file upload-v8.txt (compact mmCIF, C-alpha atoms)
# COMPACT_ATOMS: atom_id res chain seq x y z
CA MET A 57 20.96 -42.55 -19.89
CA ALA A 58 22.62 -44.56 -17.17
CA ALA A 59 21.34 -44.01 -13.66
CA ARG A 60 23.49 -41.80 -11.46
CA ARG A 61 25.48 -43.69 -8.84
CA ARG A 62 24.17 -42.87 -5.41
CA ASP A 63 27.67 -42.21 -4.09
CA ALA A 64 28.48 -39.83 -6.97
CA PRO A 65 28.88 -36.06 -6.36
CA ARG A 66 25.52 -34.29 -6.48
CA VAL A 67 24.96 -30.62 -7.32
CA GLY A 68 22.35 -28.38 -5.74
CA VAL A 69 21.05 -25.02 -6.96
CA VAL A 70 20.04 -22.04 -4.84
CA THR A 71 18.32 -18.88 -6.08
CA ASP A 72 16.29 -16.11 -4.44
CA SER A 73 12.67 -15.06 -4.48
CA THR A 74 13.20 -12.37 -7.15
CA ALA A 75 13.33 -15.30 -9.60
CA CYS A 76 9.52 -15.34 -9.21
CA LEU A 77 9.50 -19.12 -9.56
CA PRO A 78 6.02 -20.63 -9.09
CA ASP A 79 5.87 -22.99 -6.13
CA GLU A 80 4.99 -26.03 -8.23
CA LEU A 81 8.16 -25.70 -10.33
CA VAL A 82 10.30 -25.51 -7.21
CA ALA A 83 8.49 -28.44 -5.56
CA ALA A 84 9.15 -30.62 -8.61
CA LEU A 85 12.88 -30.22 -7.94
CA GLY A 86 12.79 -30.54 -4.16
CA GLY A 87 16.09 -31.58 -2.66
CA THR A 88 17.97 -30.07 -5.62
CA LEU A 89 16.58 -26.50 -5.86
CA ALA A 90 16.11 -24.08 -2.95
CA VAL A 91 14.78 -20.50 -2.98
CA VAL A 92 15.93 -17.94 -0.40
CA PRO A 93 13.36 -15.21 0.36
CA LEU A 94 13.99 -11.47 0.43
CA THR A 95 12.45 -9.20 3.04
CA VAL A 96 9.91 -6.45 2.38
CA THR A 97 9.35 -3.73 4.98
CA ILE A 98 5.94 -2.06 5.13
CA ASP A 99 5.70 0.98 7.41
CA GLY A 100 8.69 -0.27 9.40
CA ARG A 101 7.45 -3.85 9.76
CA ALA A 102 9.81 -6.40 8.20
CA LEU A 103 8.07 -9.30 6.45
CA VAL A 104 9.73 -12.30 4.78
CA GLU A 105 8.65 -13.18 1.26
CA GLY A 106 6.24 -16.10 1.32
CA GLU A 107 5.98 -16.06 5.11
CA GLY A 108 4.03 -12.86 5.61
CA VAL A 109 4.12 -10.90 2.39
CA THR A 110 3.32 -11.51 -1.27
CA GLY A 111 2.96 -9.34 -4.34
CA GLU A 112 -0.71 -8.88 -3.46
CA THR A 113 0.25 -7.65 0.03
CA VAL A 114 2.57 -5.07 -1.53
CA ALA A 115 -0.13 -4.02 -4.00
CA GLN A 116 -2.50 -3.31 -1.12
CA ALA A 117 0.19 -1.37 0.73
CA GLU A 118 0.96 0.61 -2.42
CA GLN A 119 -2.73 1.46 -2.85
CA ASN A 120 -2.85 2.68 0.76
CA GLU A 121 0.33 4.76 0.22
CA ARG A 122 2.33 2.83 2.81
CA GLU A 123 6.11 3.18 2.99
CA LEU A 124 7.82 0.28 1.22
CA SER A 125 11.41 -0.94 1.16
CA THR A 126 13.24 -4.22 0.61
CA ALA A 127 16.28 -5.96 2.05
CA ARG A 128 18.52 -8.76 0.83
CA PRO A 129 18.48 -12.09 2.65
CA ALA A 130 20.86 -12.15 5.60
CA PRO A 131 23.94 -14.36 4.99
CA ALA A 132 22.67 -16.65 7.75
CA ARG A 133 19.51 -17.27 5.72
CA MET A 134 21.65 -18.23 2.74
CA VAL A 135 23.68 -20.59 4.89
CA GLU A 136 20.44 -22.30 5.94
CA ALA A 137 19.65 -23.00 2.27
CA TYR A 138 23.14 -24.38 1.67
CA GLU A 139 22.85 -26.57 4.77
CA TYR A 140 19.44 -27.80 3.64
CA LEU A 141 20.76 -28.95 0.25
CA ALA A 142 23.85 -30.48 1.86
CA GLY A 143 21.49 -32.42 4.12
CA GLN A 144 19.68 -33.65 0.99
CA GLY A 145 22.94 -35.12 -0.28
CA CYS A 146 24.29 -32.27 -2.39
CA THR A 147 28.08 -32.10 -2.33
CA GLU A 148 28.42 -28.86 -4.34
CA ILE A 149 26.10 -25.89 -4.92
CA VAL A 150 25.63 -23.20 -7.57
CA SER A 151 23.94 -20.12 -6.11
CA VAL A 152 22.42 -17.80 -8.74
CA HIS A 153 20.97 -14.42 -7.80
CA ALA A 154 19.51 -11.14 -9.01
CA ALA A 155 21.72 -8.68 -10.87
CA ALA A 156 24.20 -6.96 -8.57
CA GLN A 157 23.16 -3.59 -10.06
CA LEU A 158 19.63 -4.17 -8.77
CA SER A 159 20.16 -6.08 -5.52
CA SER A 160 22.90 -6.83 -3.00
CA THR A 161 21.75 -10.47 -2.70
CA VAL A 162 24.85 -11.64 -4.59
CA SER A 163 27.03 -10.06 -1.87
CA SER A 164 25.03 -11.87 0.79
CA ALA A 165 25.50 -15.17 -1.04
CA ARG A 166 29.26 -14.65 -1.29
CA LEU A 167 29.49 -14.02 2.44
CA ALA A 168 27.40 -17.11 3.14
CA ALA A 169 29.46 -19.29 0.80
CA ALA A 170 32.39 -19.02 3.23
CA GLU A 171 30.20 -20.64 5.92
CA SER A 172 28.66 -23.33 3.73
CA PRO A 173 29.28 -27.00 4.63
CA VAL A 174 29.91 -27.71 0.91
CA PRO A 175 31.61 -25.70 -1.88
CA VAL A 176 29.46 -22.93 -3.37
CA SER A 177 29.92 -21.00 -6.62
CA VAL A 178 27.98 -17.71 -6.65
CA VAL A 179 26.64 -16.47 -10.00
CA ASP A 180 25.42 -12.94 -10.75
CA SER A 181 22.60 -13.61 -13.20
CA THR A 182 22.66 -9.98 -14.48
CA THR A 183 18.85 -10.22 -14.55
CA MET A 184 15.87 -11.16 -12.36
CA GLY A 185 12.37 -12.58 -12.63
CA MET A 186 11.84 -15.73 -14.65
CA ALA A 187 14.80 -14.85 -16.86
CA MET A 188 16.79 -15.88 -13.78
CA GLY A 189 14.20 -18.46 -12.78
CA PHE A 190 14.63 -20.33 -16.05
CA ALA A 191 18.40 -20.39 -15.46
CA ALA A 192 17.90 -21.90 -12.01
CA LEU A 193 15.43 -24.44 -13.41
CA ALA A 194 17.79 -25.45 -16.21
CA GLY A 195 20.64 -25.88 -13.75
CA ALA A 196 18.57 -27.90 -11.31
CA ARG A 197 17.26 -30.15 -14.08
CA SER A 198 20.83 -30.71 -15.28
CA ALA A 199 21.84 -31.60 -11.73
CA VAL A 200 18.97 -34.09 -11.42
CA ARG A 201 20.19 -35.76 -14.62
CA GLY A 202 23.58 -36.23 -12.96
CA GLU A 203 25.54 -33.44 -14.66
CA GLY A 204 28.65 -32.32 -12.79
CA PHE A 205 29.37 -29.07 -10.98
CA ALA A 206 31.06 -27.28 -13.90
CA ALA A 207 28.35 -28.33 -16.36
CA VAL A 208 25.53 -27.17 -14.09
CA GLU A 209 27.21 -23.80 -13.54
CA GLU A 210 27.77 -23.37 -17.28
CA VAL A 211 24.10 -24.12 -18.01
CA ILE A 212 23.00 -21.54 -15.45
CA ARG A 213 25.35 -18.87 -16.79
CA SER A 214 24.37 -19.55 -20.39
CA VAL A 215 20.61 -19.39 -19.83
CA ALA A 216 20.86 -16.32 -17.57
CA THR A 217 23.06 -14.28 -19.90
CA THR A 218 21.06 -15.04 -23.06
CA SER A 219 17.60 -14.60 -21.51
CA ARG A 220 15.55 -11.47 -22.18
CA THR A 221 13.13 -9.48 -20.01
CA ALA A 222 10.78 -6.58 -20.78
CA LEU A 223 8.24 -4.73 -18.67
CA TYR A 224 5.22 -2.50 -18.95
CA VAL A 225 4.87 -0.25 -15.90
CA ASP A 226 2.05 2.06 -14.87
CA SER A 227 4.54 4.54 -13.47
CA LEU A 228 8.30 5.01 -13.19
CA GLU A 229 7.92 6.44 -9.69
CA PRO A 230 8.51 3.13 -7.78
CA LEU A 231 11.76 2.60 -9.71
CA ARG A 232 12.87 6.16 -9.09
CA ARG A 233 12.04 5.93 -5.39
CA GLY A 234 14.07 2.72 -5.07
CA GLY A 235 17.04 4.10 -6.99
CA ARG A 236 16.71 1.48 -9.73
CA VAL A 237 15.36 3.56 -12.60
CA GLY A 238 18.60 3.26 -14.58
CA ARG A 239 18.56 4.67 -18.11
CA ALA A 240 14.76 4.60 -18.02
CA GLY A 241 15.01 7.91 -16.16
CA ALA A 242 15.12 9.51 -19.60
CA LEU A 243 11.38 8.80 -19.84
CA PHE A 244 10.55 11.09 -16.91
CA GLY A 245 8.73 14.18 -18.04
CA SER A 246 6.94 12.36 -20.86
CA ALA A 247 3.27 13.11 -21.40
CA LEU A 248 1.01 11.43 -18.87
CA SER A 249 -0.68 9.51 -21.69
CA ILE A 250 2.59 7.76 -22.59
CA LYS A 251 2.89 4.14 -21.42
CA PRO A 252 6.56 3.25 -20.79
CA LEU A 253 7.98 -0.11 -21.84
CA LEU A 254 11.30 -1.11 -20.33
CA ARG A 255 13.86 -3.86 -20.78
CA LEU A 256 16.50 -5.31 -18.50
CA GLU A 257 19.91 -5.37 -20.17
CA ASP A 258 23.00 -6.58 -18.30
CA GLY A 259 21.42 -5.64 -14.98
CA VAL A 260 20.39 -2.15 -16.11
CA ILE A 261 16.80 -1.01 -16.72
CA GLU A 262 16.59 0.71 -20.11
CA PRO A 263 13.81 2.32 -22.18
CA LEU A 264 12.34 -0.02 -24.78
CA ALA A 265 9.44 1.93 -26.26
CA ARG A 266 6.73 4.46 -25.55
CA VAL A 267 3.14 3.83 -26.58
CA ARG A 268 -0.09 5.70 -25.96
CA THR A 269 -2.47 2.99 -24.73
CA THR A 270 -2.28 -0.05 -22.49
CA GLY A 271 -3.55 -2.21 -25.34
CA LYS A 272 -0.71 -1.05 -27.57
CA ALA A 273 1.74 -1.73 -24.74
CA ILE A 274 0.64 -5.37 -24.49
CA GLU A 275 0.79 -5.82 -28.25
CA ARG A 276 4.28 -4.30 -28.31
CA LEU A 277 5.45 -6.62 -25.50
CA GLY A 278 4.13 -9.60 -27.43
CA ARG A 279 5.90 -8.61 -30.66
CA TRP A 280 9.10 -7.93 -28.72
CA ALA A 281 9.01 -11.34 -27.01
CA LEU A 282 8.46 -13.17 -30.30
CA ALA A 283 11.29 -11.28 -31.98
CA GLU A 284 13.64 -12.01 -29.08
CA ALA A 285 12.69 -15.69 -29.15
CA ARG A 286 13.60 -15.86 -32.84
CA ALA A 287 16.85 -14.00 -32.19
CA LEU A 288 17.91 -16.63 -29.64
CA GLY A 289 18.36 -19.04 -32.52
CA PRO A 290 17.59 -22.76 -32.75
CA GLY A 291 16.90 -24.79 -29.64
CA PRO A 292 14.23 -25.03 -26.94
CA VAL A 293 12.71 -21.63 -26.17
CA VAL A 294 10.52 -20.90 -23.14
CA CYS A 295 8.50 -17.92 -21.96
CA ALA A 296 6.96 -16.55 -18.77
CA VAL A 297 4.46 -13.77 -18.13
CA HIS A 298 4.55 -11.79 -14.87
CA SER A 299 1.78 -9.85 -13.17
CA VAL A 300 0.23 -9.08 -9.80
CA THR A 301 -3.00 -7.10 -10.11
CA ARG A 302 -3.47 -7.03 -13.89
CA GLN A 303 -4.29 -10.65 -14.56
CA ASP A 304 -6.52 -9.53 -17.43
CA LEU A 305 -3.53 -8.02 -19.24
CA ALA A 306 -1.36 -11.03 -18.39
CA GLU A 307 -3.95 -13.36 -19.94
CA ARG A 308 -4.18 -11.16 -23.02
CA LEU A 309 -0.39 -11.19 -23.45
CA THR A 310 -0.28 -14.96 -22.93
CA GLY A 311 -2.93 -15.37 -25.60
CA LEU A 312 -0.94 -13.29 -28.06
CA LEU A 313 2.17 -15.34 -27.39
CA THR A 314 0.34 -18.66 -27.57
CA GLU A 315 -1.12 -17.77 -30.96
CA SER A 316 2.40 -17.36 -32.33
CA ALA A 317 2.10 -20.86 -33.85
CA GLU A 318 0.67 -19.02 -36.85
CA LYS A 319 2.99 -16.89 -38.96
CA ASP A 320 2.97 -13.17 -38.23
CA THR A 321 1.51 -10.87 -40.81
CA ASP A 322 5.02 -9.75 -41.79
CA GLY A 323 5.89 -13.30 -42.83
CA ALA A 324 8.20 -14.05 -39.90
CA GLU A 325 8.66 -17.65 -38.90
CA PRO A 326 6.37 -18.90 -36.11
CA VAL A 327 7.69 -19.42 -32.59
CA THR A 328 6.96 -22.73 -30.90
CA TRP A 329 7.36 -22.64 -27.13
CA THR A 330 8.99 -25.82 -25.84
CA GLU A 331 6.94 -25.75 -22.63
CA PRO A 332 3.63 -24.09 -21.72
CA ILE A 333 4.00 -20.37 -21.03
CA VAL A 334 4.60 -19.95 -17.30
CA GLN A 335 2.24 -17.70 -15.35
CA ALA A 336 4.60 -16.28 -12.73
CA PRO A 337 3.25 -13.78 -10.17
CA LEU A 338 5.71 -11.02 -9.41
CA ALA A 339 7.54 -11.53 -6.13
CA ALA A 340 6.84 -9.08 -3.31
CA ALA A 341 10.30 -7.51 -3.48
CA VAL A 342 10.04 -7.03 -7.25
CA THR A 343 6.54 -5.58 -6.94
CA ALA A 344 7.79 -3.07 -4.38
CA HIS A 345 10.26 -1.70 -6.93
CA ILE A 346 8.33 -1.73 -10.21
CA GLY A 347 4.75 -1.24 -9.01
CA SER A 348 1.79 -3.58 -8.70
CA GLY A 349 0.37 -2.64 -12.11
CA ALA A 350 3.40 -3.94 -13.99
CA ILE A 351 3.32 -6.68 -16.61
CA GLY A 352 6.51 -8.53 -17.49
CA VAL A 353 7.60 -11.06 -20.06
CA ALA A 354 10.73 -13.22 -20.02
CA VAL A 355 12.13 -15.32 -22.86
CA ALA A 356 14.96 -17.84 -22.52
CA ARG A 357 16.71 -20.54 -24.51
CA MET A 358 17.07 -23.77 -22.56
CA PRO A 359 19.52 -26.65 -23.04
CA GLU A 360 18.45 -29.24 -25.61
CA ASP A 361 17.76 -31.88 -22.94
CA SER A 362 16.19 -29.62 -20.29
CA SER A 363 12.60 -30.82 -20.17
CA GLY A 364 11.78 -31.44 -16.54
CA ALA A 365 11.95 -34.71 -14.68
CA ASP A 366 14.94 -37.03 -14.47
CA PRO A 367 14.37 -39.70 -17.15
CA ASP A 368 15.63 -42.38 -14.78
CA GLY A 369 13.42 -41.20 -11.94
CA ASP A 370 16.53 -41.11 -9.69
CA THR A 371 16.16 -38.05 -7.53
CA ASP A 372 17.02 -39.61 -4.19
CA ALA A 373 19.75 -38.10 -2.06
CA ALA A 374 23.16 -39.71 -2.21

call {"tool": "encode", "arguments": {"input": "upload-v8.txt", "output": "structure tokens"}}
result
Amino acid sequence: MAARRRDAPRVGVVTDSTACLPDELVAALGGTLAVVPLTVTIDGRALVEGEGVTGETVAQAEQNERELSTARPAPARMVEAYEYLAGQGCTEIVSVHAAAQLSSTVSSARLAAAESPVPVSVVDSTTMGMAMGFAALAGARSAVRGEGFAAVEEVIRSVATTSRTALYVDSLEPLRRGGRVGRAGALFGSALSIKPLLRLEDGVIEPLARVRTTGKAIERLGRWALAEARALGPGPVVCAVHSVTRQDLAERLTGLLTESAEKDTDGAEPVTWTEPIVQAPLAAAVTAHIGSGAIGVAVARMPEDSSGADPDGDTDAA
């Protein structure tokens, strides 16, 4: 691949902290990818994600029965991210955010786009977590390789809309309290021994399954993720596992997914993950809405040439 001309247009990517992107993945794309934090309020005290609150902080507050709420980033905070990438040499930006049905961050981004020093296209991912994080990563990697504005936006939209997310939650109460329970509200009133599994479909939280033990829930999540990976068809497939306080369950799920190199007992074809399974702690704002005991799994199909670093090593600003 020919090296990108240093005076050529350069695309930046902005997302928000509900993408749950691990810091090391963001750092590897510094100057091309920026993450805007949401705010979590605990007993009336507003704390910015990563600057005073994490998923662990929310878990402790939840345990102590503190009052929790979240807020979208202010448009001014979005503008700061756009200005940062413009200062790094980006001449256009794609800004991808959590599903509008779950968060008003997209609205904040659209307001901020009018104040950006460079053109911004705002994308509603219709999802969140690493399903959105993988879309942002794919777009940023495409930008680093020198792809143009339209191509980067198309990559982001494609990965976001075809990605899949499922969750195991200890309780539906945090979702109900935050008004985000969606169609999963049909599970209220189930026996206390029932463990609800949920999926995120076009920005709506829906019931996936009901099982009777936590162990069965993890096994069901693993089978679901493998089936969804196969359903995505040929091409690079990646996976992430989310958790906050249940690292033991996250490790068990990761093990089940890693062992997928062997054929399932039903004779299904094995799934080979293109990259190591990402361990992605749940963001504080996400934890506040689904509970600290949740386990999540995200599966996405990446572009054929989305593998990380720029092959020419040319990541300098224009």

call {"tool": "closest_atom_pairs", "arguments": {"input": "upload-v8.txt", "of": "range 331-360 of chain A", "to": "range 178-193 of chain A", "cutoff": "9 Å", "atoms": "all atoms listed in the file", "output": "JSON lines"}}
result
{"residue": "A:Val334", "atom": "CA", "partner": "A:Met186", "partner_atom": "CA", "distance": 8.8}
{"residue": "A:Ala336", "atom": "CA", "partner": "A:Met186", "partner_atom": "CA", "distance": 7.5}
{"residue": "A:Leu338", "atom": "CA", "partner": "A:Gly185", "partner_atom": "CA", "distance": 7.6}
{"residue": "A:Ala339", "atom": "CA", "partner": "A:Gly185", "partner_atom": "CA", "distance": 8.2}
{"residue": "A:Val342", "atom": "CA", "partner": "A:Gly185", "partner_atom": "CA", "distance": 8.1}
{"residue": "A:Gly352", "atom": "CA", "partner": "A:Gly185", "partner_atom": "CA", "distance": 8.6}
{"residue": "A:Val353", "atom": "CA", "partner": "A:Met186", "partner_atom": "CA", "distance": 8.3}
{"residue": "A:Ala354", "atom": "CA", "partner": "A:Ala187", "partner_atom": "CA", "distance": 5.4}
{"residue": "A:Val355", "atom": "CA", "partner": "A:Ala187", "partner_atom": "CA", "distance": 6.6}
{"residue": "A:Ala356", "atom": "CA", "partner": "A:Ala187", "partner_atom": "CA", "distance": 6.4}
{"residue": "A:Arg357", "atom": "CA", "partner": "A:Phe190", "partner_atom": "CA", "distance": 8.7}
{"residue": "A:Met358", "atom": "CA", "partner": "A:Phe190", "partner_atom": "CA", "distance": 7.8}

call {"tool": "closest_residue", "arguments": {"input": "upload-v8.txt", "among": "A:Pro332, A:Met134, A:Arg286, A:Ile261", "to": "Gly311 in chain A", "atoms": "all atoms listed in the file"}}
result
A:Pro332

call {"tool": "atom_distance", "arguments": {"input": "upload-v8.txt", "atom1": "CA of Thr218 in chain A", "atom2": "CA of Leu288 in chain A"}}
result
7.5 Å

call {"tool": "closest_residue", "arguments": {"input": "upload-v8.txt", "among": "A:Ile212, A:Val104, A:Val135, A:Val82", "to": "Ala168 in chain A", "atoms": "only C-alpha atoms"}}
result
A:Val135

call {"tool": "closest_residue", "arguments": {"input": "upload-v8.txt", "among": "A:Gly349, A:Pro326, A:Pro93, A:Gly68", "to": "Glu209 in chain A", "atoms": "only C-alpha atoms"}}
result
A:Gly68

call {"tool": "closest_residue", "arguments": {"input": "upload-v8.txt", "among": "A:Val69, A:Ala350, A:Ala137, A:Val327", "to": "Ala283 in chain A", "atoms": "only C-alpha atoms"}}
result
A:Val327

call {"tool": "atom_distance", "arguments": {"input": "upload-v8.txt", "atom1": "CA of Ala130 in chain A", "atom2": "CA of Asp79 in chain A"}}
result
21.9 Å

call {"tool": "atom_distance", "arguments": {"input": "upload-v8.txt", "atom1": "CA of Val96 in chain A", "atom2": "CA of Gly108 in chain A"}}
result
9.3 Å

call {"tool": "closest_residue", "arguments": {"input": "upload-v8.txt", "among": "A:Ala265, A:Ala273, A:Ile351, A:Ala344", "to": "Glu112 in chain A", "atoms": "only C-alpha atoms"}}
result
A:Ala344

call {"tool": "residues_around", "arguments": {"input": "upload-v8.txt", "residues": "Val225 in chain A", "least_positions_apart": "3", "cutoff": "8 Å", "atoms": "all atoms listed in the file", "output": "list of chain:residue names"}}
result
A:Leu228, A:Lys251, A:Pro252, A:Leu253, A:Leu254, A:Ile346, A:Gly347, A:Gly349, A:Ala350, A:Ile351

call {"tool": "axis_aligned_box", "arguments": {"input": "upload-v8.txt", "around": "range 109-116 of chain A", "padding_each_side": "4 Å", "output": "AutoDock Vina command-line options"}}
result
--center_x 0.8 --center_y -7.4 --center_z -1.0 --size_x 14.6 --size_y 16.2 --size_z 14.7

call {"tool": "residues_around", "arguments": {"input": "upload-v8.txt", "residues": "Leu141 in chain A", "least_positions_apart": "3", "cutoff": "7 Å", "atoms": "all atoms listed in the file", "output": "MDAnalysis selection string"}}
result
chainID A and resid 68 87:88 137:138 144:146

call {"tool": "residues_around", "arguments": {"input": "upload-v8.txt", "residues": "range 163-166 of chain A", "least_positions_apart": "2", "cutoff": "9 Å", "atoms": "only C-alpha atoms", "output": "PyMOL selection string"}}
result
chain A and resi 128-132+134-135+151-153+156+159-161+168-170+176-178

call {"tool": "closest_residue", "arguments": {"input": "upload-v8.txt", "among": "A:Glu325, A:Tyr224, A:Glu139, A:Ala117", "to": "Gly289 in chain A", "atoms": "only C-alpha atoms"}}
result
A:Glu325

call {"tool": "residues_near_point", "arguments": {"input": "upload-v8.txt", "point": "(29.3, -28.0, 3.8)", "cutoff": "9 Å", "atoms": "all atoms listed in the file", "output": "PyMOL selection string"}}
result
chain A and resi 138-139+142-143+147-148+171-176

call {"tool": "decode", "arguments": {"input": "upload-v8.txt", "residues": "range 328-343 of chain A", "atoms": "N, CA, C and O atoms", "output": "PDB file, in the first residue's frame"}}
result
ATOM      1  N   THR A 328     -13.342 -19.190  14.421  1.00  0.00           N
ATOM      2  CA  THR A 328     -11.986 -18.725  14.688  1.00  0.00           C
ATOM      3  C   THR A 328     -12.011 -17.214  14.822  1.00  0.00           C
ATOM      4  O   THR A 328     -12.323 -16.499  13.868  1.00  0.00           O
ATOM      5  N   TRP A 329     -11.716 -16.724  16.014  1.00  0.00           N
ATOM      6  CA  TRP A 329     -11.696 -15.273  16.236  1.00  0.00           C
ATOM      7  C   TRP A 329     -10.466 -14.682  15.578  1.00  0.00           C
ATOM      8  O   TRP A 329      -9.357 -15.186  15.742  1.00  0.00           O
ATOM      9  N   THR A 330     -10.645 -13.603  14.833  1.00  0.00           N
ATOM     10  CA  THR A 330      -9.550 -12.980  14.099  1.00  0.00           C
ATOM     11  C   THR A 330      -8.534 -12.340  15.032  1.00  0.00           C
ATOM     12  O   THR A 330      -7.338 -12.287  14.735  1.00  0.00           O
ATOM     13  N   GLU A 331      -8.993 -11.841  16.168  1.00  0.00           N
ATOM     14  CA  GLU A 331      -8.141 -11.196  17.165  1.00  0.00           C
ATOM     15  C   GLU A 331      -8.451 -11.814  18.515  1.00  0.00           C
ATOM     16  O   GLU A 331      -9.523 -12.404  18.708  1.00  0.00           O
ATOM     17  N   PRO A 332      -7.543 -11.705  19.493  1.00  0.00           N
ATOM     18  CA  PRO A 332      -7.842 -12.208  20.828  1.00  0.00           C
ATOM     19  C   PRO A 332      -9.133 -11.593  21.378  1.00  0.00           C
ATOM     20  O   PRO A 332      -9.429 -10.423  21.116  1.00  0.00           O
ATOM     21  N   ILE A 333      -9.897 -12.391  22.113  1.00  0.00           N
ATOM     22  CA  ILE A 333     -11.133 -11.888  22.707  1.00  0.00           C
ATOM     23  C   ILE A 333     -10.803 -10.732  23.650  1.00  0.00           C
ATOM     24  O   ILE A 333      -9.920 -10.829  24.507  1.00  0.00           O
ATOM     25  N   VAL A 334     -11.496  -9.624  23.477  1.00  0.00           N
ATOM     26  CA  VAL A 334     -11.228  -8.411  24.252  1.00  0.00           C
ATOM     27  C   VAL A 334     -11.923  -8.498  25.607  1.00  0.00           C
ATOM     28  O   VAL A 334     -13.122  -8.786  25.683  1.00  0.00           O
ATOM     29  N   GLN A 335     -11.163  -8.253  26.670  1.00  0.00           N
ATOM     30  CA  GLN A 335     -11.748  -8.133  28.007  1.00  0.00           C
ATOM     31  C   GLN A 335     -12.053  -6.651  28.231  1.00  0.00           C
ATOM     32  O   GLN A 335     -11.137  -5.851  28.387  1.00  0.00           O
ATOM     33  N   ALA A 336     -13.323  -6.300  28.213  1.00  0.00           N
ATOM     34  CA  ALA A 336     -13.727  -4.896  28.228  1.00  0.00           C
ATOM     35  C   ALA A 336     -14.597  -4.600  29.452  1.00  0.00           C
ATOM     36  O   ALA A 336     -15.792  -4.924  29.454  1.00  0.00           O
ATOM     37  N   PRO A 337     -14.033  -4.000  30.492  1.00  0.00           N
ATOM     38  CA  PRO A 337     -14.850  -3.641  31.657  1.00  0.00           C
ATOM     39  C   PRO A 337     -16.009  -2.742  31.253  1.00  0.00           C
ATOM     40  O   PRO A 337     -15.854  -1.857  30.403  1.00  0.00           O
ATOM     41  N   LEU A 338     -17.156  -2.963  31.858  1.00  0.00           N
ATOM     42  CA  LEU A 338     -18.309  -2.119  31.575  1.00  0.00           C
ATOM     43  C   LEU A 338     -18.045  -0.691  32.029  1.00  0.00           C
ATOM     44  O   LEU A 338     -17.519  -0.456  33.119  1.00  0.00           O
ATOM     45  N   ALA A 339     -18.412   0.260  31.196  1.00  0.00           N
ATOM     46  CA  ALA A 339     -18.263   1.669  31.552  1.00  0.00           C
ATOM     47  C   ALA A 339     -19.177   2.005  32.726  1.00  0.00           C
ATOM     48  O   ALA A 339     -20.171   1.326  32.987  1.00  0.00           O
ATOM     49  N   ALA A 340     -18.844   3.076  33.426  1.00  0.00           N
ATOM     50  CA  ALA A 340     -19.620   3.477  34.600  1.00  0.00           C
ATOM     51  C   ALA A 340     -21.078   3.752  34.250  1.00  0.00           C
ATOM     52  O   ALA A 340     -21.994   3.318  34.959  1.00  0.00           O
ATOM     53  N   ALA A 341     -21.303   4.474  33.148  1.00  0.00           N
ATOM     54  CA  ALA A 341     -22.677   4.813  32.768  1.00  0.00           C
ATOM     55  C   ALA A 341     -23.476   3.577  32.407  1.00  0.00           C
ATOM     56  O   ALA A 341     -24.669   3.467  32.725  1.00  0.00           O
ATOM     57  N   VAL A 342     -22.832   2.602  31.743  1.00  0.00           N
ATOM     58  CA  VAL A 342     -23.519   1.361  31.390  1.00  0.00           C
ATOM     59  C   VAL A 342     -23.818   0.558  32.653  1.00  0.00           C
ATOM     60  O   VAL A 342     -24.920   0.014  32.825  1.00  0.00           O
ATOM     61  N   THR A 343     -22.842   0.486  33.559  1.00  0.00           N
ATOM     62  CA  THR A 343     -23.032  -0.240  34.812  1.00  0.00           C
ATOM     63  C   THR A 343     -24.198   0.325  35.601  1.00  0.00           C
ATOM     64  O   THR A 343     -24.987  -0.423  36.206  1.00  0.00           O
TER      65      THR A 343
END
